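Reading through the structure tokens given below for one structure.
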Amino acid sequence: MPITLTQVARDFGTIRALDRISLTIEDGSFLTVLGASGCGKSTLLNLIAGLDTPSAGHLAIDGVPITGPGPDRVVVFQQPGLYPWLTLRDNIAFGLRMQGPIDWPRIDDMIGIMGLRGFEAHRPYELSGGMQQRAALARALVMNPRVLLMDEPFAALDAQTRHRMQSFLLELWDQIGATIVFITHDIDEAIMLGDRLVVMQARPGRIAIDQKIPLPRPRHWDMSLEPDYLHLKRNIMAVLAA
Ligand SMILES: Nc1ncnc2c1ncn2[C@@H]1O[C@H](COP(=O)(O)OP(=O)(O)OP(=O)(O)O)[C@@H](O)[C@H]1O
């Protein structure tokens, strides 16, 4: 069952951050949301996460109104936000503490999947940026969310690490089958990752493009030289420049 947004608006004082957003996000799909700074991307994500409430319209998941955060929806931010005093393993387990006894074998499996084995006892400052972000992703995934909300999760990484993390996320998504809503400033990242792409425009924040990405999976970077890809990218650039 999908996430549905119906005529959603969000005002901050006189600023209309989002205006009449209607969107259906299919279960298990990968939606990328692209737009210039200030067009309401984070506001949209926060509403889906239940961290904020709309000024008008409504949001639902499986037809049930979203009234607050829930364990079915987990957010991954640009900054990994690991606790500096905890080891990598304890950081990853942190979210599960609230839910009763920690399933340590599951934590250790996730550490393996993330390629972090051997670093369990390290503190965040002893890890590279990419490793910290993988730990943040692991911390989110051990919660077994149906929906992963990602707010520019790779924006702070260098280009190479970013490419590695993008490929890694696609492989992971293939295995976990969660719905992903992924916010980015980066056109190539938006096209390369998503099944579907929403491009937003600012003041007020509105959907300017909402379309399926016509590229087969698995994705490869050399697809970015194909005519379909370049055509889509050119259309998006025109909208972003408008
Ligand atoms: N808590 C808030 N109080 C007041 N204004 C806000 C608040 N949150 C967002 N806004 C305003 O709403 C608009 C949309 O902000 P939002 O952070 O959603 O944009 P964004 O597309 O995520 O930007 P960026 O890419 O820079 O993160 C902006 O004009 C912002 O100043």
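Within each chain, counting starts at residue 1; across the structure tokens, chains are named A, B, ... in the order shown, with ligands numbered 1 upward in that order.
The strand (DSSP E or B) portion of stretch 23-153 of chain A consists of A:Leu23, A:Thr24, A:Ile25, A:Phe30, A:Leu31, A:Thr32, A:Val33, A:Leu34, A:Gly35, A:Ala56, A:Gly57, A:His58, A:Leu59, A:Ala60, A:Ile61, A:Val64, A:Pro65, A:Arg73, A:Val74, A:Val75, A:Val76, A:Val147, A:Leu148, A:Leu149, A:Met150, A:Asp151, with states taken from DSSP on the backbone.
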Quiz item: Using only C-alpha atoms, which residues sit within 6 Å of stretch 88-91 of chain A once same-chain residues fewer than 6 positions away are excluded, as a ChimeraX atom specification?
Solution: /A:120,122-123
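Of note, atom CA of A:Ile111 and atom CA of A:Gln132 are spaced 11.8 Å apart.
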Practice problem: Fewer than 4 positions away in the same chain doesn't count, so skip those; otherwise give me all residues within 12 Å of stretch 38-42 of chain A, counting only C-alpha atoms, as a ChimeraX atom specification. | Solution: /A:8-12,15-21,32-34,46-49,51-52,75-78,149-153,181-185,198-208,240
Selected residues, C-alpha atoms, written as an mmCIF file, in the first residue's frame, please.
data_model
loop_
_atom_site.group_PDB
_atom_site.id
_atom_site.type_symbol
_atom_site.label_atom_id
_atom_site.label_comp_id
_atom_site.auth_asym_id
_atom_site.auth_seq_id
_atom_site.Cartn_x
_atom_site.Cartn_y
_atom_site.Cartn_z
ATOM 1 C CA VAL A 8 -0.577 19.136 0.950
ATOM 2 C CA ALA A 9 0.503 22.660 1.871
ATOM 3 C CA ARG A 10 2.897 23.882 4.557
ATOM 4 C CA ASP A 11 3.243 27.522 5.552
ATOM 5 C CA PHE A 12 5.939 29.000 7.760
ATOM 6 C CA ILE A 15 6.312 31.623 3.430
ATOM 7 C CA ARG A 16 4.432 28.917 1.574
ATOM 8 C CA ALA A 17 7.100 26.198 1.664
ATOM 9 C CA LEU A 18 4.844 23.641 -0.021
ATOM 10 C CA ASP A 19 1.781 24.264 -2.102
ATOM 11 C CA ARG A 20 -0.820 21.738 -3.293
ATOM 12 C CA ILE A 21 1.435 18.707 -3.376
ATOM 13 C CA THR A 32 14.050 10.806 -5.970
ATOM 14 C CA VAL A 33 13.151 14.420 -5.205
ATOM 15 C CA LEU A 34 15.277 17.085 -6.843
ATOM 16 C CA ASN A 46 9.617 15.845 7.415
ATOM 17 C CA LEU A 47 5.899 15.650 6.727
ATOM 18 C CA ILE A 48 6.181 12.063 5.495
ATOM 19 C CA ALA A 49 8.337 11.248 8.525
ATOM 20 C CA LEU A 51 8.049 15.176 12.261
ATOM 21 C CA ASP A 52 5.881 18.061 11.042
ATOM 22 C CA VAL A 75 15.151 9.197 8.278
ATOM 23 C CA VAL A 76 18.813 9.315 7.197
ATOM 24 C CA PHE A 77 20.283 12.817 7.123
ATOM 25 C CA GLN A 78 23.258 14.425 5.371
ATOM 26 C CA LEU A 149 13.567 8.729 4.032
ATOM 27 C CA MET A 150 16.939 10.058 2.902
ATOM 28 C CA ASP A 151 17.711 13.789 3.053
ATOM 29 C CA GLU A 152 20.783 14.402 0.867
ATOM 30 C CA PRO A 153 22.559 11.524 2.575
ATOM 31 C CA VAL A 181 12.307 8.679 -0.778
ATOM 32 C CA PHE A 182 15.661 10.243 -1.590
ATOM 33 C CA ILE A 183 16.256 13.984 -1.650
ATOM 34 C CA THR A 184 19.111 15.442 -3.616
ATOM 35 C CA HIS A 185 20.473 18.587 -5.278
ATOM 36 C CA VAL A 198 9.971 14.561 -8.806
ATOM 37 C CA VAL A 199 11.483 17.960 -9.566
ATOM 38 C CA MET A 200 10.364 20.813 -7.328
ATOM 39 C CA GLN A 201 10.299 24.546 -7.832
ATOM 40 C CA ALA A 202 10.479 27.134 -5.070
ATOM 41 C CA ARG A 203 8.196 29.881 -3.790
ATOM 42 C CA PRO A 204 5.844 28.300 -3.417
ATOM 43 C CA GLY A 205 7.282 24.772 -3.362
ATOM 44 C CA ARG A 206 5.502 22.878 -6.123
ATOM 45 C CA ILE A 207 6.028 19.815 -8.254
ATOM 46 C CA ALA A 208 7.286 20.883 -11.681
ATOM 47 C CA LEU A 240 15.565 24.108 -12.813
#
Quiz item: Which residue out of A:Gly28, A:Gly130, A:Pro2, A:Gly100 has the minimum interatomic distance to A:Thr179 when only C-alpha atoms are used?
Solution: A:Gly28
Quiz item: Expressed in Å to a single decimal, how great is the separation between atom 9 (C, counted along the ligand's line) of ligand 1 and atom CA of A:Gly63?
Solution: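 Separation between atom 9 (C, counted along the ligand's line) of ligand 1 and atom CA of A:Gly63: 26.6 Å.
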Report as CSV the residues of stretch 113-179 of chain A within 9 Å of stretch 67-71 of chain A, each with its shortest atom pair and distance in Å (one decimal), using only C-alpha atoms, ordered by chain and increasing residue number.
residue,atom,partner,partner_atom,distance
A:Met143,CA,A:Pro71,CA,7.0
A:Asn144,CA,A:Pro71,CA,8.1
A:Pro145,CA,A:Pro71,CA,6.3
A:Arg146,CA,A:Pro71,CA,8.5
